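*Asks:* First the structure, then my questions, so here it is.
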Amino acid sequence: MHLKNQKTADNSLSFGVGVNYAVSEKVTLRSGINKLSLGYNTNNVMYSTGLANNNLANIKYTSTSLIEIKNESNLNMLSLFEINLQKTTTGTINQKMGYYEVPLEVSYAILDKKFGINLIGGVSTLFLNQNKISLVSSETKITLGEARNLNQINFSTNVGVGFQYQIMKSFKINFEPMLKYQMNTFSSNSGNFKPIFVGLYSGISYSF
């Protein structure tokens with residue numbers, strides 16, 4: 001999509017499995033695979049029913065519904081009668097993106113007791129597996145199609161802090177706030193939109 005309207009993020013969901021390799025008492029290499037779902041909303045989008053789908057350059061249309069997205073500057077040139085005649089409505093364009101994420105991270109223990117604290121940094125490779133764009137309003141919800149400008153593979157830089165609590169000799173409860181910055185999600189015409197997301201990861205680890 002290429003609209004300059006305000007964008008907001010949906011709540012995201014990620015789950016998966018990981019493996020750790022202890023290089024030393026304080027340094028651990030981490031990898032694994034996660035399934036990650038992201039969503040973004042482009043708000044206050046003006047649209048109306050039309051004779052054909054509006055040709056937003058970055059949408060590959062699959063919907064048979066005839067929806068025309070309005071440019072606000074063009075609307076300002078129309079009279080109130082023309083706007084009412086076209087039955088213009090305000091809605092939200094929702095973009096869903098799903099990935100298989102393969103992280104490669106380094107964890108450094110700054111506190112290694114029954115309660116532990118780690119500093120985490122690294123990168124992730126993300127493989128696209130979901131791509132859907134929908135128009136949502138109080139009157140309708142229509143799947144328009146998919147984004148043309150999403151890269152099939154992109155990367156993120158990851159930083160965070162890990163908290164651990166040892167409940168048994170080999171089992172620990174983990175809680176990890178992570179900040180991830182996606183570097184090349186879009187191939188072109190994204191309105192200079194750079195996805196950044198905060199993840200709160202939790203789980204149980206087993207060591208042997």
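So you can find residues: chains in the structure tokens are A, B, ... in the order shown, residues in each start at 1, and ligands are numbered from 1 in order.
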Tell me which protein, DNA and RNA residues are within 7 Å of Thr89 (chain A), counting only C-alpha atoms, leaving out same-chain ones fewer than 2 positions away, and put them as a list of chain:residue names.
*Replies:* A:Met46, A:Tyr47, A:Ser48, A:Lys87, A:Gly91
*Asks:* Limited to all heavy atoms, could you put the picked residues into a file as a CSV table (one decimal), in the first residue's frame?
*Replies:*
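Dumped everything to result08.csv:
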chain,number,residue,atom,x,y,z
A,46,MET,N,-10.8,6.9,3.2
A,46,MET,CA,-12.0,7.2,2.5
A,46,MET,C,-12.2,6.3,1.3
A,46,MET,O,-11.3,6.1,0.5
A,46,MET,CB,-12.1,8.7,2.1
A,46,MET,CG,-11.8,9.7,3.2
A,46,MET,SD,-13.0,9.8,4.4
A,46,MET,CE,-14.4,10.6,3.6
A,47,TYR,N,-13.4,5.7,1.2
A,47,TYR,CA,-13.7,4.8,0.1
A,47,TYR,C,-15.1,4.9,-0.3
A,47,TYR,O,-16.0,5.4,0.4
A,47,TYR,CB,-13.3,3.4,0.5
A,47,TYR,CG,-14.3,2.7,1.4
A,47,TYR,CD1,-15.4,1.9,0.9
A,47,TYR,CD2,-14.2,2.8,2.8
A,47,TYR,CE1,-16.3,1.3,1.8
A,47,TYR,CE2,-15.1,2.2,3.6
A,47,TYR,CZ,-16.1,1.5,3.1
A,47,TYR,OH,-17.0,0.9,4.0
A,48,SER,N,-15.4,4.4,-1.5
A,48,SER,CA,-16.8,4.3,-2.0
A,48,SER,C,-16.9,3.1,-2.9
A,48,SER,O,-15.9,2.6,-3.4
A,48,SER,CB,-17.2,5.6,-2.7
A,48,SER,OG,-16.5,5.7,-3.9
A,87,LYS,N,-21.5,8.3,-2.0
A,87,LYS,CA,-21.7,7.5,-0.7
A,87,LYS,C,-20.3,7.2,-0.1
A,87,LYS,O,-20.0,6.0,0.1
A,87,LYS,CB,-22.5,6.3,-1.0
A,87,LYS,CG,-23.9,6.6,-1.4
A,87,LYS,CD,-24.7,5.3,-1.5
A,87,LYS,CE,-26.2,5.6,-1.9
A,87,LYS,NZ,-27.0,4.4,-2.1
A,91,GLY,N,-13.1,4.1,6.6
A,91,GLY,CA,-12.8,2.8,7.1
A,91,GLY,C,-11.3,2.7,7.4
A,91,GLY,O,-10.5,3.7,7.4
*Asks:* Tell me which protein, DNA and RNA residues are within 6 Å of Glu146 (chain A), counting only C-alpha atoms, leaving out same-chain ones fewer than 6 positions away, and put them as a VMD selection string.
*Replies:* chain A and resid 59 to 60 131 to 133
*Asks:* So that I have them on file, write out the residues from the current selection with N, CA, C and O atoms, as a PDB file, in the first residue's frame.
*Replies:*
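What follows is the written file selection-v2.pdb:
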ATOM      1  N   ILE A  59      -1.288  -3.182  -4.278  1.00  0.00           N
ATOM      2  CA  ILE A  59      -2.238  -4.238  -3.951  1.00  0.00           C
ATOM      3  C   ILE A  59      -2.502  -5.089  -5.186  1.00  0.00           C
ATOM      4  O   ILE A  59      -2.833  -4.578  -6.253  1.00  0.00           O
ATOM      5  N   LYS A  60      -2.361  -6.389  -5.028  1.00  0.00           N
ATOM      6  CA  LYS A  60      -2.784  -7.343  -6.050  1.00  0.00           C
ATOM      7  C   LYS A  60      -4.198  -7.775  -5.690  1.00  0.00           C
ATOM      8  O   LYS A  60      -4.409  -8.554  -4.769  1.00  0.00           O
ATOM      9  N   ASN A 131      -0.043 -13.103   3.656  1.00  0.00           N
ATOM     10  CA  ASN A 131      -0.049 -11.780   3.037  1.00  0.00           C
ATOM     11  C   ASN A 131      -1.490 -11.454   2.673  1.00  0.00           C
ATOM     12  O   ASN A 131      -2.028 -11.972   1.689  1.00  0.00           O
ATOM     13  N   LYS A 132      -2.157 -10.618   3.477  1.00  0.00           N
ATOM     14  CA  LYS A 132      -3.565 -10.314   3.233  1.00  0.00           C
ATOM     15  C   LYS A 132      -3.866  -8.871   3.577  1.00  0.00           C
ATOM     16  O   LYS A 132      -3.414  -8.356   4.595  1.00  0.00           O
ATOM     17  N   ILE A 133      -4.632  -8.209   2.716  1.00  0.00           N
ATOM     18  CA  ILE A 133      -5.058  -6.828   2.942  1.00  0.00           C
ATOM     19  C   ILE A 133      -6.582  -6.781   2.909  1.00  0.00           C
ATOM     20  O   ILE A 133      -7.205  -7.280   1.965  1.00  0.00           O
TER      21      ILE A 133
END
*Asks:* From the set A:Thr90, A:Thr42, A:Asn34, A:Thr49, which residue has the shortest atom-to-atom contact distance to Phe127 (chain A), counting only C-alpha atoms?
*Replies:*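 Closest to Phe127 (chain A) of all the choices is A:Asn34.
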*Asks:* Which one of A:Val136, A:Ile110, A:Ala22, A:Val17 sits closest to Asn43 (chain A) if you count only C-alpha atoms?
*Replies:*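 Ranking A:Val136, A:Ile110, A:Ala22, A:Val17 by distance to Asn43 (chain A), first place goes to A:Val136.
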*Asks:* Restricting the calculation to only C-alpha atoms: of A:Pro177, A:Gly18, A:Gly116, A:Gly162, which residue gets closest to Leu104 (chain A)?
*Replies:*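 Checking each candidate against Leu104 (chain A), we get A:Gly18 as the closest.
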*Asks:* One number please: CA of Lys26 (chain A) to CA of Pro103 (chain A), in Å, one decimal.
*Replies:*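 Value for the CA of Lys26 (chain A)-CA of Pro103 (chain A) distance: 19.4 Å.
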*Asks:* At what distance in Å, to one decimal, does CA of Lys96 (chain A) lie from CA of Asn151 (chain A)?
*Replies:* 13.8 Å
*Asks:* Which one is closest to Gln95 (chain A): A:Asn20, A:Ser156, A:Gln164, A:Thr8? Count only C-alpha atoms.
*Replies:* A:Thr8
*Asks:* Find the distance between CA of Thr64 (chain A) and CA of Ala147 (chain A) and write it in Å to one decimal.
*Replies:* 16.5 Å
*Asks:* Which residue, A:Tyr201, A:Tyr108, A:Tyr61, A:Phe175, has the smallest gap to Gly122 (chain A) when you use only C-alpha atoms?
*Replies:*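 Answer, going by the shortest atom-to-atom distance: A:Tyr108.
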*Asks:* Using backbone DSSP assignments, extract all helix (DSSP H, G or I) residues from region 51-162 of chain A; output them as an mmCIF file with N, CA and C atoms, in the first residue's frame.
*Replies:*
data_model
loop_
_atom_site.group_PDB
_atom_site.id
_atom_site.type_symbol
_atom_site.label_atom_id
_atom_site.label_comp_id
_atom_site.auth_asym_id
_atom_site.auth_seq_id
_atom_site.Cartn_x
_atom_site.Cartn_y
_atom_site.Cartn_z
ATOM 1 N N GLU A 72 -7.588 12.050 -0.409
ATOM 2 C CA GLU A 72 -8.191 13.161 0.328
ATOM 3 C C GLU A 72 -8.082 14.485 -0.424
ATOM 4 N N SER A 73 -6.987 14.703 -1.126
ATOM 5 C CA SER A 73 -6.817 15.950 -1.862
ATOM 6 C C SER A 73 -7.833 16.057 -3.001
ATOM 7 N N ASN A 74 -8.164 14.916 -3.622
ATOM 8 C CA ASN A 74 -9.169 14.921 -4.683
ATOM 9 C C ASN A 74 -10.564 15.156 -4.114
ATOM 10 N N LEU A 75 -10.835 14.585 -2.910
ATOM 11 C CA LEU A 75 -12.132 14.787 -2.275
ATOM 12 C C LEU A 75 -12.383 16.263 -1.962
ATOM 13 N N LEU A 80 -20.135 18.993 -1.824
ATOM 14 C CA LEU A 80 -20.803 18.135 -0.857
ATOM 15 C C LEU A 80 -21.806 17.231 -1.561
ATOM 16 N N PHE A 81 -22.473 17.742 -2.592
ATOM 17 C CA PHE A 81 -23.432 16.936 -3.345
ATOM 18 C C PHE A 81 -22.737 15.756 -4.021
ATOM 19 N N GLU A 82 -21.567 16.012 -4.618
ATOM 20 C CA GLU A 82 -20.833 14.939 -5.295
ATOM 21 C C GLU A 82 -20.347 13.882 -4.299
ATOM 22 N N ILE A 83 -19.904 14.341 -3.120
ATOM 23 C CA ILE A 83 -19.438 13.396 -2.100
ATOM 24 C C ILE A 83 -20.582 12.518 -1.624
ATOM 25 N N ASN A 84 -21.765 13.145 -1.365
ATOM 26 C CA ASN A 84 -22.923 12.373 -0.913
ATOM 27 C C ASN A 84 -23.406 11.427 -2.000
ATOM 28 N N LEU A 85 -23.322 11.852 -3.253
ATOM 29 C CA LEU A 85 -23.745 11.010 -4.374
ATOM 30 C C LEU A 85 -22.890 9.756 -4.469
#
*Asks:* Can you tell me which residues surround Lys141 (chain A) at a distance of at most 10 Å, considering only C-alpha atoms, apart from same-chain residues fewer than 3 positions away, and format the answer as a list in words?
*Replies:*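 The contact residues come out as Gly91, Thr92, Ile93, Asn94, Ser134, Leu135, Val136, Ser137, Ser138 and Leu144 of chain A.
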*Asks:* For Pro195 (chain A), please output as a PyMOL selection string all residues within 9 Å (counting only C-alpha atoms; exclusion window: fewer than 2 positions along the same chain).
*Replies:* chain A and resi 180-183+185+193+197
*Asks:* For a quick check of understanding, using only C-alpha atoms, which of A:Gly39, A:Gly121, A:Gly16, A:Gly160 has the smallest distance to Glu101 (chain A)?
*Replies:*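 Looking only at the distances to Glu101 (chain A), the closest residue turns out to be A:Gly16.
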*Asks:* Could you list, as a list in words, every residue within 12 Å of Gln152 (chain A), counting only C-alpha atoms and ignoring same-chain residues fewer than 6 positions away?
*Replies:*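 Near neighbours after the sequence-gap exclusion: Met97, Gly98, Tyr99, Tyr100, Thr125, Leu126, Phe127, Leu128, Asn129, Gln130, Asn131, Asn184, Thr185, Phe186 and Ser187 of chain A.
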*Asks:* For the strand (DSSP E) assignment from backbone DSSP, which residues of chain A qualify? Please present them as a PyMOL selection string.
*Replies:* chain A and resi 7-9+13-22+27-49+59-61+67-69+89-112+115-136+141-147+153-166+171-182+196-206
